[in-house]
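The next block holds one structure in the form of structure tokens; read it before the comments.
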Amino acid sequence: MPKVVNSQNRRRSVGEAIHRIAAREGLEGVSVRVVAAEAGLSVGAVQREFRTKDELLRFALDFSIAEVADRFSRVRVGPESLTFAEGMRAVLVDLLPTDDRRRAQARIWAAFYARAAVDRVFAETLADLDAQARENLAAALGYAREQGELASGQEPEALAELLLVMIDGLWLTCARLPDGDSLDGPRAAIDAAVALVTAG
């Protein structure tokens, strides 16, 4: 049992280290050695968990996505809670780089996305994530249509694709924004998307 605990602690330390590096400088210079130094671990300790930069990047994405999904799960839509429009806005606004943590997550996504353009394994990972997101979005949009909260004539499946593209674009835009740059543009885009998708 102690071995498992030590492994879990090492992996969490690595995940936190990658987030700090990504927030400061992006992931171009990330390596097992750099992450080990940032995490206060030996190179050997990190290599026991991650043999290559690709494995580090995959773990960084999984670590980041799990945290974002946990935040999203706290957004409640339904009777005596948020309307679909309010929930959709809350989820999209949560992706904006309003702090170092969210900035790091956008940069981790962008680095993984760029790698997926030329690496089949990375592309398959994103395709799996898209499939899960598409299913969740279609269910949420189907509920919104039942409640009369979708704009007239909109189909949940098509809107799910639109929102996937928007989320990708939003995170990629946020990844390249300089620290402290205005978020007025992305916020306006979110408002426009919510208005397009929802009734009223």
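Letters A, B, ... mark the chains of the structure tokens in the order given; residue numbers begin at 1 per chain; ligand numbers begin at 1, in order shown.
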
Under the rule of at most 8 Å, produce a per-residue listing of stretch 97-192 of chain A near stretch 20-39 of chain A: chain, number, name, the closest pair of atoms, and the distance in Å, as a Markdown table, using only C-alpha atoms.
```
| residue | atom | partner | partner_atom | distance |
| --- | --- | --- | --- | --- |
| A:Asp100 | CA | A:Ala23 | CA | 5.5 |
| A:Arg101 | CA | A:Ala23 | CA | 6.9 |
| A:Arg103 | CA | A:Ala23 | CA | 5.8 |
| A:Ala104 | CA | A:Ala23 | CA | 4.3 |
| A:Gln105 | CA | A:Ala22 | CA | 7.7 |
| A:Arg107 | CA | A:Gly26 | CA | 6.1 |
| A:Ile108 | CA | A:Ala22 | CA | 6.7 |
| A:Ala111 | CA | A:Leu27 | CA | 6.8 |
```

Written file, previous selection with all heavy atoms, as a compact mmCIF listing (two decimals), in the first residue's frame:
```
# COMPACT_ATOMS: atom_id res chain seq x y z
N ASP A 100 -3.70 31.85 -13.09
CA ASP A 100 -2.59 31.04 -13.59
C ASP A 100 -3.02 29.61 -13.90
O ASP A 100 -2.54 28.99 -14.85
CB ASP A 100 -1.45 31.02 -12.58
CG ASP A 100 -0.64 32.31 -12.59
OD1 ASP A 100 -0.83 33.13 -13.51
OD2 ASP A 100 0.18 32.51 -11.66
N ARG A 101 -3.91 29.07 -13.08
CA ARG A 101 -4.33 27.69 -13.25
C ARG A 101 -5.04 27.51 -14.59
O ARG A 101 -4.73 26.60 -15.36
CB ARG A 101 -5.27 27.30 -12.10
CG ARG A 101 -5.54 25.82 -12.00
CD ARG A 101 -4.32 25.12 -11.49
NE ARG A 101 -4.55 23.73 -11.20
CZ ARG A 101 -3.66 22.95 -10.63
NH1 ARG A 101 -2.48 23.45 -10.29
NH2 ARG A 101 -3.90 21.69 -10.40
N ARG A 103 -4.92 29.53 -17.15
CA ARG A 103 -3.97 29.84 -18.23
C ARG A 103 -3.12 28.61 -18.54
O ARG A 103 -2.89 28.26 -19.70
CB ARG A 103 -3.09 31.02 -17.83
CG ARG A 103 -2.14 31.49 -18.93
CD ARG A 103 -1.39 32.75 -18.52
NE ARG A 103 -2.31 33.83 -18.26
CZ ARG A 103 -2.60 34.29 -17.04
NH1 ARG A 103 -2.03 33.78 -15.97
NH2 ARG A 103 -3.46 35.28 -16.89
N ALA A 104 -2.66 27.94 -17.51
CA ALA A 104 -1.87 26.72 -17.69
C ALA A 104 -2.67 25.65 -18.42
O ALA A 104 -2.16 24.98 -19.33
CB ALA A 104 -1.39 26.20 -16.33
N GLN A 105 -3.92 25.48 -18.04
CA GLN A 105 -4.74 24.45 -18.67
C GLN A 105 -4.98 24.74 -20.15
O GLN A 105 -4.97 23.82 -20.97
CB GLN A 105 -6.06 24.31 -17.89
CG GLN A 105 -5.83 23.62 -16.56
CD GLN A 105 -6.95 23.78 -15.56
OE1 GLN A 105 -7.83 24.62 -15.71
NE2 GLN A 105 -6.92 22.98 -14.51
N ARG A 107 -2.88 26.31 -22.05
CA ARG A 107 -1.60 26.06 -22.73
C ARG A 107 -1.31 24.57 -22.85
O ARG A 107 -0.73 24.13 -23.85
CB ARG A 107 -0.48 26.79 -21.98
CG ARG A 107 -0.56 28.30 -22.17
CD ARG A 107 0.45 29.05 -21.33
NE ARG A 107 0.36 30.48 -21.60
CZ ARG A 107 1.01 31.42 -20.91
NH1 ARG A 107 1.80 31.07 -19.91
NH2 ARG A 107 0.88 32.70 -21.23
N ILE A 108 -1.69 23.80 -21.85
CA ILE A 108 -1.53 22.35 -21.94
C ILE A 108 -2.38 21.80 -23.09
O ILE A 108 -1.94 20.99 -23.90
CB ILE A 108 -1.92 21.68 -20.60
CG1 ILE A 108 -0.86 21.98 -19.54
CG2 ILE A 108 -2.10 20.17 -20.77
CD1 ILE A 108 -1.29 21.66 -18.12
N ALA A 111 -0.79 22.73 -26.45
CA ALA A 111 0.39 21.92 -26.76
C ALA A 111 -0.02 20.52 -27.23
O ALA A 111 0.53 19.97 -28.19
CB ALA A 111 1.29 21.82 -25.53
```

For this session: From stretch 15-111 of chain A, collect each residue whose DSSP state is helix (DSSP H, G or I) and return the set as a PyMOL selection string.
Result: chain A and resi 15-25+32-39+43-47+53-73+84-94+100-111

Exercise. What is the distance, in Å and to one decimal place, between atom CA of A:Thr52 and atom CA of A:Asn6?
Worked result: 20.0 Å

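The gap separating atom CA of A:Val46 from atom CA of A:Asp62 is 16.7 Å, in Å to one decimal.
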
Problem set entry | Distance criterion (only C-alpha atoms): nearest to A:Leu137 out of A:Leu183, A:Met88, A:Leu95, A:Ala117 |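 Residue with the minimum atom-to-atom distance to A:Leu137: A:Met88.
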
For this session: Would you please give, as a PyMOL selection string, all residues of chain A that DSSP assigns to strand (DSSP E or B) based on the backbone?
Result: chain A and resi 77+82+150+198

Those residues with N, CA and C atoms, as a compact mmCIF listing (two decimals), in the first residue's frame please?
```
# COMPACT_ATOMS: atom_id res chain seq x y z
N VAL A 77 -27.80 22.73 -13.81
CA VAL A 77 -28.87 23.26 -14.66
C VAL A 77 -30.14 22.49 -14.38
N LEU A 82 -29.79 26.84 -12.36
CA LEU A 82 -29.52 27.71 -13.50
C LEU A 82 -30.35 27.33 -14.71
N LEU A 150 -33.93 26.04 -26.23
CA LEU A 150 -33.10 26.17 -27.43
C LEU A 150 -33.77 27.12 -28.41
N THR A 198 -29.50 29.61 -27.62
CA THR A 198 -30.64 29.53 -26.71
C THR A 198 -31.81 30.41 -27.13
```

Exercise. Quick one, how far is atom CA of A:Glu155 from atom CA of A:Gly169?
Worked result: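 Result for atom CA of A:Glu155 versus atom CA of A:Gly169: 21.2 Å, one decimal.
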
Problem set entry | Among the residues A:Ala139, A:Ala144, A:Gly180, A:Ala133, the one that comes closest to A:Ala69 [using only C-alpha atoms] |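 Distance minimum relative to A:Ala69 lands on A:Ala133.
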
Problem set entry | Contact residues around A:Ala199 with only C-alpha atoms at 8 Å, ignoring same-chain residues under 5 positions, as a ChimeraX atom specification | /A:148-152

For this session: Give the answer as one residue: which of A:Gly153, A:Gly15, A:Gly40, A:Gly78 has the shortest atom-to-atom distance to A:Glu55, using only C-alpha atoms?
Result: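 Of A:Gly153, A:Gly15, A:Gly40, A:Gly78, the one nearest A:Glu55, counting only C-alpha atoms, is A:Gly15.
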
For this session: Using only C-alpha atoms, find the one residue out of A:Asp54, A:Glu157, A:Asp119, A:Glu124 that sits nearest to A:Asn136.
Result: A:Glu157

Problem set entry | Near-A:Arg76 list (10 Å; only C-alpha atoms; drop same-chain fewer than 5 positions) as a list of chain:residue names |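 Counting only the stated atoms, we get A:Ser81, A:Leu82, A:Thr83, A:Phe84, A:Glu86, A:Gly87, A:Ala90.
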
Exercise. Contacts of stretch 194-196 of chain A at 7 Å or less, counting only C-alpha atoms, minus same-chain residues fewer than 3 places along, as a ChimeraX atom specification?
Worked result: /A:85,88-89,190-191

Export N, CA, C and O atoms of the chosen residues as a PDB file, in the first residue's frame?
```
ATOM      1  N   ALA A  85     -29.096  28.523 -20.557  1.00  0.00           N
ATOM      2  CA  ALA A  85     -28.259  29.648 -21.021  1.00  0.00           C
ATOM      3  C   ALA A  85     -27.268  30.063 -19.945  1.00  0.00           C
ATOM      4  O   ALA A  85     -26.082  30.295 -20.228  1.00  0.00           O
ATOM      5  N   MET A  88     -24.620  27.269 -19.625  1.00  0.00           N
ATOM      6  CA  MET A  88     -23.711  27.277 -20.767  1.00  0.00           C
ATOM      7  C   MET A  88     -22.709  28.418 -20.640  1.00  0.00           C
ATOM      8  O   MET A  88     -21.505  28.241 -20.853  1.00  0.00           O
ATOM      9  N   ARG A  89     -23.193  29.594 -20.278  1.00  0.00           N
ATOM     10  CA  ARG A  89     -22.301  30.737 -20.109  1.00  0.00           C
ATOM     11  C   ARG A  89     -21.280  30.472 -18.995  1.00  0.00           C
ATOM     12  O   ARG A  89     -20.090  30.758 -19.135  1.00  0.00           O
ATOM     13  N   ILE A 190     -18.518  34.508 -26.235  1.00  0.00           N
ATOM     14  CA  ILE A 190     -19.338  33.603 -25.419  1.00  0.00           C
ATOM     15  C   ILE A 190     -20.783  34.093 -25.382  1.00  0.00           C
ATOM     16  O   ILE A 190     -21.726  33.327 -25.567  1.00  0.00           O
ATOM     17  N   ASP A 191     -20.971  35.383 -25.166  1.00  0.00           N
ATOM     18  CA  ASP A 191     -22.331  35.930 -25.134  1.00  0.00           C
ATOM     19  C   ASP A 191     -23.038  35.716 -26.465  1.00  0.00           C
ATOM     20  O   ASP A 191     -24.237  35.387 -26.500  1.00  0.00           O
TER      21      ASP A 191
END
```

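Nearest to A:His19 of all the residues A:Arg134, A:Arg58, A:Arg102, A:Arg120 is A:Arg102, based on only C-alpha atoms.
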
Seminar exercise, completed: In terms of only C-alpha atoms, the residue from A:Leu92, A:Val121, A:Ala17, A:Leu41 at minimal distance from A:Met166 is A:Leu92
